[in-house]
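Undergrad: Quick one: structure below, then a few questions.
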Amino acid sequence: MATLSINSLGKVYPGGVTAVSDVNVDIADGEFIVLVGPSGCGKSTILRMIAGLEGITSGDLQIDDRRVNDLEPGERDIAMVFQNYALYPHMSVRGNMEYGLKNEGLPKAQIAERIAEAARTLRLEEFLDRKPANLSGGQRQRVAMGRAIVRDPKVFLFDEPLSNLDAKLRTQLRAELKALHKRLGATFVYVTHDQVEAMSLADRIIIMSNGKVEQIGTPMDLYLRPASRFVADFIGSPSMNVLDGTVSSDRRSLQLNGSHQIDFGAELPAAAGNQIAIGIRPEHLHQNTAGETRIELSVGFIEQLGADTVVHGTLAGSQSPLAVRLNGVQARDSGDSIALSCGRDQIHLFDGTTGQRLNWDNQ
Amino acid sequence: MVENRPFLTFLTHAVLIIGVLFLCFPVWMALVASTHGPEALSSSPIPLWFGDRAWENYSQLLVGGLPEAGGVPIGSMMFNSLIMALVITFGKIAISIISAYAIVYFQFPFRMGFFWMIFITLMLPVEVRILPTFDVVVKMGMLNTYAGLTVPLIASATATFLFRQFFLTIPDELVEAARIDRAGPLRFFWDILLPLSRTNIAALFIILFIYGWNQYLWPLLITTDESLYTVVMGIQRMVNSGESLPVWHYIMGTAVLAMIPPVIVVVAMQKLFVKGLVESEK
Ligand SMILES: Nc1ncnc2c1ncn2[C@@H]1O[C@H](COP(=O)(O)OP(=O)(O)OP(=O)(O)O)[C@@H](O)[C@H]1O
Ligand SMILES: [Mg+2]
């Protein structure tokens, strides 16, 4: 149980690649933090710096108010679960779990007790004497978690632990992980590139791109108030429709690419003639004209998901992609056009050049 | 080829059986010859079935000592060969696994330089460097010692290279997991690297044991003392004994005896070797 504080953390790899720069975050005791972002954005690098597997180029790392920058991984009181499990292939499940404890010099009785408890928690009792090669992927991943649990660390680190598993198992283990976090009450730092996983697990999400933090917040913060166009695009599936446009001279409407013009009842937070982007989530568009903002979709192709239907296409009269999520089973032909609208409070605005969120009074 | 055609099955088996017979025939001849008297082998036709002198020949060989081989019993030569082969095998494996460990897992100045130095010596087999090595051994006073027989043959670039290649295939995460589990360098080596290298060690053991057992030129140079002769040298001396006809029945008997330890090693290690191969395929 511990707090973790990260201060202007940076990493430059030998060879000059800046993988991470200026990351600041204070993680509370018992918090479930998920680091998410596209491939290569530096998530693993941060996790590995916390673990001590990678040197810290700049900044400070504190676990429970103790600076751990220069400690060996074994001395930091952390445990890590790797994507490819990294189990010792020649040791039994029990051997894998007790190896770290033995190295710590824990008495035998205590080791046995901890292993029994972890095995019970993770339903691994019957596999204790098997070799990892004789386990399924999900079982191996549970062993890897067991190896972490028995060490009773201050911080648990996970690097995409579920991404080698099939979708069903992933959902199941996700639930187990969440339950485990609740039971242990420990601090979790979890890396994934899957935004659904991030949304469903996290107390708070750190979303990154290109080695920088884009936004830190609860899943709902990120969904409802994305700090930038990048976050808006990354969180939510299908991702948010973002359309570029030019602010009109009276600053009350936006001229989109093509012939569309969107009228806002209020003044836009940008100067006339500026480029800004408007963001609308596919699930916030409705097939009626009740909302204040109207827009027309020209159908491209349809994804039938059963519970709902995602219609992909373009903004009528332009090439800008546009998608909408409609309830239930719906049939549409390519080339059809659908009139859509959405409430003004569902609209996000982003600066056309920086991509930063523009706050305006739309509520 | 997983086709199931009777003719193909027959053909492949026929080829294999012919190959086996072809390879086994000389061994069979040696075995047969070692059970006959000296005359039987100098007259034609050569016998193809066992004679009645097996007991006599072998007991003479093992404990009696032959004038043709310098009067030393083959038993003691076998012992020398065994010492030499085992010391070379263990020495080579120990040294090369440790140097490969250093080269793969530790950062130190000129690391790649050392690697290339070891690698380049691959191009220099014993025969090429035999004179300078001999010179060194003489100056260190190691003529006619077990040390002289074995130490110069222990350094092994091949084994180092093989271990290095194997270590490079071990995932980094395993090393990292061990670091998190508080395994220091020695623990990691002992608890993880060594057990994982088991199959490689078994394979190398077979190859190196046979290499050590079959050494001929080097012991010939280094030993003048008959009590240090190895069995391969013994065979050679018997063949060249000069004054009379070669004692083929003894020579063949010695050859049969000399074959036994490598066969034992292969059979014993093969189990581990095959088991390891099957396990790691999962
Ligand atoms: N050992 C290394 N040496 C040099 N550059 C590296 C090294 N490891 C990673 N990088 C670079 O650092 C950046 C961040 O890598 P990192 O592994 O943290 O990405 P990631 O967010 O975990 O991506 P993924 O989702 O694909 O795992 C990448 O551009 C990568 O190429
Ligand atoms: Mg990664």
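Residue numbering restarts at 1 in every chain; chains get A, B, ... in the order shown in the structure tokens, and ligands count up from 1 in that same order.
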Please identify all protein, DNA and RNA residues within 7 Å of ligand 1, counting only C-alpha atoms and all ligand atoms, and report them as a list in words.

TA: Tyr13, Pro14, Gly15, Val17, Thr18, Ala19, Gly37, Pro38, Ser39, Gly40, Cys41, Gly42, Lys43, Ser44, Thr45, Ile46, Thr192, His193 and Gly211 of chain A

Undergrad: Show me, as JSON, numbers by chain, every residue of chain B with an atom at most 7 Å from chain A, counting only C-alpha atoms.

TA: {"B": [173, 174, 176, 177, 179, 180, 181, 182, 183, 195, 196, 282]}

Undergrad: Could you dump the residues just selected with all heavy atoms as an mmCIF file, in the first residue's frame?

TA:
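Saved as part31.cif:
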```
data_model
loop_
_atom_site.group_PDB
_atom_site.id
_atom_site.type_symbol
_atom_site.label_atom_id
_atom_site.label_comp_id
_atom_site.auth_asym_id
_atom_site.auth_seq_id
_atom_site.Cartn_x
_atom_site.Cartn_y
_atom_site.Cartn_z
ATOM 1 N N GLU B 173 12.406 -10.200 -20.727
ATOM 2 C CA GLU B 173 11.462 -10.132 -19.608
ATOM 3 C C GLU B 173 11.810 -11.135 -18.514
ATOM 4 O O GLU B 173 11.567 -10.879 -17.346
ATOM 5 C CB GLU B 173 10.036 -10.414 -20.091
ATOM 6 C CG GLU B 173 9.374 -9.251 -20.781
ATOM 7 C CD GLU B 173 9.692 -9.222 -22.251
ATOM 8 O OE1 GLU B 173 10.570 -10.000 -22.686
ATOM 9 O OE2 GLU B 173 9.082 -8.423 -22.973
ATOM 10 N N LEU B 174 12.373 -12.258 -18.919
ATOM 11 C CA LEU B 174 12.727 -13.266 -17.929
ATOM 12 C C LEU B 174 13.825 -12.725 -17.013
ATOM 13 O O LEU B 174 13.791 -12.889 -15.796
ATOM 14 C CB LEU B 174 13.215 -14.523 -18.654
ATOM 15 C CG LEU B 174 12.897 -15.837 -17.984
ATOM 16 C CD1 LEU B 174 11.420 -15.980 -17.756
ATOM 17 C CD2 LEU B 174 13.421 -16.974 -18.829
ATOM 18 N N GLU B 176 14.329 -9.608 -16.484
ATOM 19 C CA GLU B 176 13.759 -8.521 -15.696
ATOM 20 C C GLU B 176 12.922 -9.060 -14.553
ATOM 21 O O GLU B 176 12.971 -8.544 -13.439
ATOM 22 C CB GLU B 176 12.932 -7.620 -16.616
ATOM 23 C CG GLU B 176 13.839 -6.898 -17.600
ATOM 24 C CD GLU B 176 13.093 -6.159 -18.688
ATOM 25 O OE1 GLU B 176 11.880 -6.360 -18.838
ATOM 26 O OE2 GLU B 176 13.750 -5.378 -19.393
ATOM 27 N N ALA B 177 12.164 -10.118 -14.840
ATOM 28 C CA ALA B 177 11.369 -10.732 -13.775
ATOM 29 C C ALA B 177 12.301 -11.198 -12.660
ATOM 30 O O ALA B 177 12.003 -11.024 -11.479
ATOM 31 C CB ALA B 177 10.566 -11.903 -14.318
ATOM 32 N N ARG B 179 15.186 -9.936 -11.913
ATOM 33 C CA ARG B 179 15.705 -8.766 -11.184
ATOM 34 C C ARG B 179 14.682 -8.297 -10.158
ATOM 35 O O ARG B 179 15.023 -7.943 -9.033
ATOM 36 C CB ARG B 179 15.989 -7.621 -12.150
ATOM 37 C CG ARG B 179 17.349 -7.727 -12.815
ATOM 38 C CD ARG B 179 17.556 -6.582 -13.768
ATOM 39 N NE ARG B 179 17.888 -5.335 -13.088
ATOM 40 C CZ ARG B 179 17.940 -4.151 -13.711
ATOM 41 N NH1 ARG B 179 17.659 -4.077 -14.994
ATOM 42 N NH2 ARG B 179 18.246 -3.071 -13.046
ATOM 43 N N ILE B 180 13.413 -8.291 -10.582
ATOM 44 C CA ILE B 180 12.366 -7.871 -9.648
ATOM 45 C C ILE B 180 12.261 -8.868 -8.500
ATOM 46 O O ILE B 180 11.992 -8.500 -7.368
ATOM 47 C CB ILE B 180 11.032 -7.706 -10.401
ATOM 48 C CG1 ILE B 180 11.143 -6.508 -11.333
ATOM 49 C CG2 ILE B 180 9.876 -7.528 -9.428
ATOM 50 C CD1 ILE B 180 9.948 -6.288 -12.202
ATOM 51 N N ASP B 181 12.504 -10.140 -8.807
ATOM 52 C CA ASP B 181 12.470 -11.170 -7.769
ATOM 53 C C ASP B 181 13.757 -11.203 -6.938
ATOM 54 O O ASP B 181 14.035 -12.196 -6.261
ATOM 55 C CB ASP B 181 12.237 -12.547 -8.403
ATOM 56 C CG ASP B 181 10.756 -12.860 -8.557
ATOM 57 O OD1 ASP B 181 9.943 -12.181 -7.906
ATOM 58 O OD2 ASP B 181 10.418 -13.787 -9.321
ATOM 59 N N ARG B 182 14.533 -10.170 -7.028
ATOM 60 C CA ARG B 182 15.742 -10.019 -6.214
ATOM 61 C C ARG B 182 16.801 -11.075 -6.472
ATOM 62 O O ARG B 182 17.507 -11.481 -5.542
ATOM 63 C CB ARG B 182 15.419 -10.067 -4.719
ATOM 64 C CG ARG B 182 14.541 -8.957 -4.289
ATOM 65 C CD ARG B 182 14.551 -8.884 -2.798
ATOM 66 N NE ARG B 182 13.625 -7.869 -2.378
ATOM 67 C CZ ARG B 182 13.754 -7.179 -1.265
ATOM 68 N NH1 ARG B 182 14.752 -7.407 -0.471
ATOM 69 N NH2 ARG B 182 12.866 -6.261 -0.955
ATOM 70 N N ALA B 183 16.872 -11.566 -7.682
ATOM 71 C CA ALA B 183 17.947 -12.497 -7.978
ATOM 72 C C ALA B 183 19.140 -11.683 -8.470
ATOM 73 O O ALA B 183 19.039 -10.978 -9.459
ATOM 74 C CB ALA B 183 17.499 -13.480 -9.046
ATOM 75 N N PRO B 195 19.740 -23.953 -15.509
ATOM 76 C CA PRO B 195 18.695 -24.945 -15.817
ATOM 77 C C PRO B 195 18.142 -24.800 -17.235
ATOM 78 O O PRO B 195 17.850 -25.788 -17.888
ATOM 79 C CB PRO B 195 17.594 -24.653 -14.796
ATOM 80 C CG PRO B 195 18.224 -23.857 -13.732
ATOM 81 C CD PRO B 195 19.421 -23.181 -14.283
ATOM 82 N N LEU B 196 18.038 -23.563 -17.708
ATOM 83 C CA LEU B 196 17.495 -23.381 -19.053
ATOM 84 C C LEU B 196 18.473 -23.878 -20.110
ATOM 85 O O LEU B 196 18.081 -24.218 -21.218
ATOM 86 C CB LEU B 196 17.175 -21.909 -19.306
ATOM 87 C CG LEU B 196 15.973 -21.355 -18.568
ATOM 88 C CD1 LEU B 196 15.770 -19.889 -18.912
ATOM 89 C CD2 LEU B 196 14.722 -22.135 -18.910
ATOM 90 N N LYS B 282 6.951 -26.850 -26.720
ATOM 91 C CA LYS B 282 5.588 -26.483 -26.362
ATOM 92 C C LYS B 282 5.429 -24.976 -26.329
ATOM 93 O O LYS B 282 6.327 -24.286 -25.941
ATOM 94 C CB LYS B 282 5.250 -27.077 -25.005
ATOM 95 C CG LYS B 282 4.885 -28.544 -25.158
ATOM 96 C CD LYS B 282 4.382 -29.092 -23.837
ATOM 97 C CE LYS B 282 4.252 -30.587 -23.926
ATOM 98 N NZ LYS B 282 4.192 -31.207 -22.632
#
```

Undergrad: Can you list, as number ranges by chain, every protein, DNA or RNA residue that comes within 10 Å of range 259-265 of chain B when you count only C-alpha atoms, leaving out same-chain residues fewer than 6 positions away?

TA: B: 27, 78, 81-82, 85, 202, 205-207, 209-211, 213-214, 253

Undergrad: Those same residues, written as an mmCIF file, in the first residue's frame with N, CA and C atoms?

TA:
```
data_model
loop_
_atom_site.group_PDB
_atom_site.id
_atom_site.type_symbol
_atom_site.label_atom_id
_atom_site.label_comp_id
_atom_site.auth_asym_id
_atom_site.auth_seq_id
_atom_site.Cartn_x
_atom_site.Cartn_y
_atom_site.Cartn_z
ATOM 1 N N VAL B 27 31.989 -51.935 -37.552
ATOM 2 C CA VAL B 27 31.909 -52.185 -36.113
ATOM 3 C C VAL B 27 31.772 -53.690 -35.878
ATOM 4 N N MET B 78 42.579 -46.495 -20.978
ATOM 5 C CA MET B 78 41.194 -46.039 -20.997
ATOM 6 C C MET B 78 40.963 -45.031 -19.880
ATOM 7 N N SER B 81 42.346 -41.758 -20.960
ATOM 8 C CA SER B 81 41.460 -41.134 -21.947
ATOM 9 C C SER B 81 40.234 -40.538 -21.269
ATOM 10 N N LEU B 82 39.717 -41.295 -20.295
ATOM 11 C CA LEU B 82 38.513 -40.838 -19.609
ATOM 12 C C LEU B 82 38.792 -39.532 -18.864
ATOM 13 N N ALA B 85 39.125 -36.774 -21.438
ATOM 14 C CA ALA B 85 37.871 -36.368 -22.066
ATOM 15 C C ALA B 85 36.980 -35.623 -21.080
ATOM 16 N N ALA B 202 23.806 -30.648 -22.499
ATOM 17 C CA ALA B 202 23.820 -32.077 -22.828
ATOM 18 C C ALA B 202 24.370 -32.297 -24.232
ATOM 19 N N PHE B 205 27.980 -31.657 -24.233
ATOM 20 C CA PHE B 205 28.688 -32.700 -23.500
ATOM 21 C C PHE B 205 29.023 -33.859 -24.441
ATOM 22 N N ILE B 206 28.038 -34.270 -25.217
ATOM 23 C CA ILE B 206 28.266 -35.372 -26.157
ATOM 24 C C ILE B 206 29.390 -35.015 -27.126
ATOM 25 N N ILE B 207 29.245 -33.867 -27.745
ATOM 26 C CA ILE B 207 30.214 -33.485 -28.780
ATOM 27 C C ILE B 207 31.620 -33.345 -28.185
ATOM 28 N N PHE B 209 32.827 -34.515 -25.324
ATOM 29 C CA PHE B 209 33.394 -35.740 -24.771
ATOM 30 C C PHE B 209 34.051 -36.551 -25.887
ATOM 31 N N ILE B 210 33.360 -36.655 -26.994
ATOM 32 C CA ILE B 210 33.916 -37.424 -28.107
ATOM 33 C C ILE B 210 35.156 -36.730 -28.657
ATOM 34 N N TYR B 211 35.088 -35.410 -28.709
ATOM 35 C CA TYR B 211 36.259 -34.634 -29.150
ATOM 36 C C TYR B 211 37.457 -34.929 -28.251
ATOM 37 N N TRP B 213 37.871 -37.466 -26.165
ATOM 38 C CA TRP B 213 38.211 -38.891 -26.188
ATOM 39 C C TRP B 213 39.055 -39.236 -27.417
ATOM 40 N N ASN B 214 38.752 -38.613 -28.525
ATOM 41 C CA ASN B 214 39.440 -38.945 -29.771
ATOM 42 C C ASN B 214 40.722 -38.164 -30.002
ATOM 43 N N GLY B 253 40.139 -55.424 -30.666
ATOM 44 C CA GLY B 253 39.609 -55.464 -29.304
ATOM 45 C C GLY B 253 39.727 -54.098 -28.644
#
```

Undergrad: Show me, as a ChimeraX atom specification, the residues that have an atom within 9 Å of Thr121 in chain A when counting only C-alpha atoms, minus same-chain residues fewer than 4 positions from it.

TA: /A:116-117,146,180

Undergrad: Hey, can you check how far CA of Val150 in chain A sits from CA of Leu173 in chain A?

TA: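 If I compute the distance from CA of Val150 in chain A to CA of Leu173 in chain A, I get 18.4 Å.
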
Undergrad: Any idea what's packed within 9 Å of Val25 in chain A, counting only C-alpha atoms, ignoring anything in its chain fewer than 2 positions away? Could you give it as a PyMOL selection string?

TA: chain A and resi 4-8+23+27+206+216

Undergrad: At a cut-off of 12 Å, using only C-alpha atoms, what residues contact Leu122 in chain B? Leave out same-chain residues fewer than 3 positions from it and give the result as a list in words.

TA: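 In the requested format, the answer is Phe115, Trp116, Met117, Ile118, Phe119, Pro125, Val126, Val128, Arg129, Ala155, Ser156, Ala157, Thr158, Ala159, Thr160, Phe161 and Leu162 of chain B.
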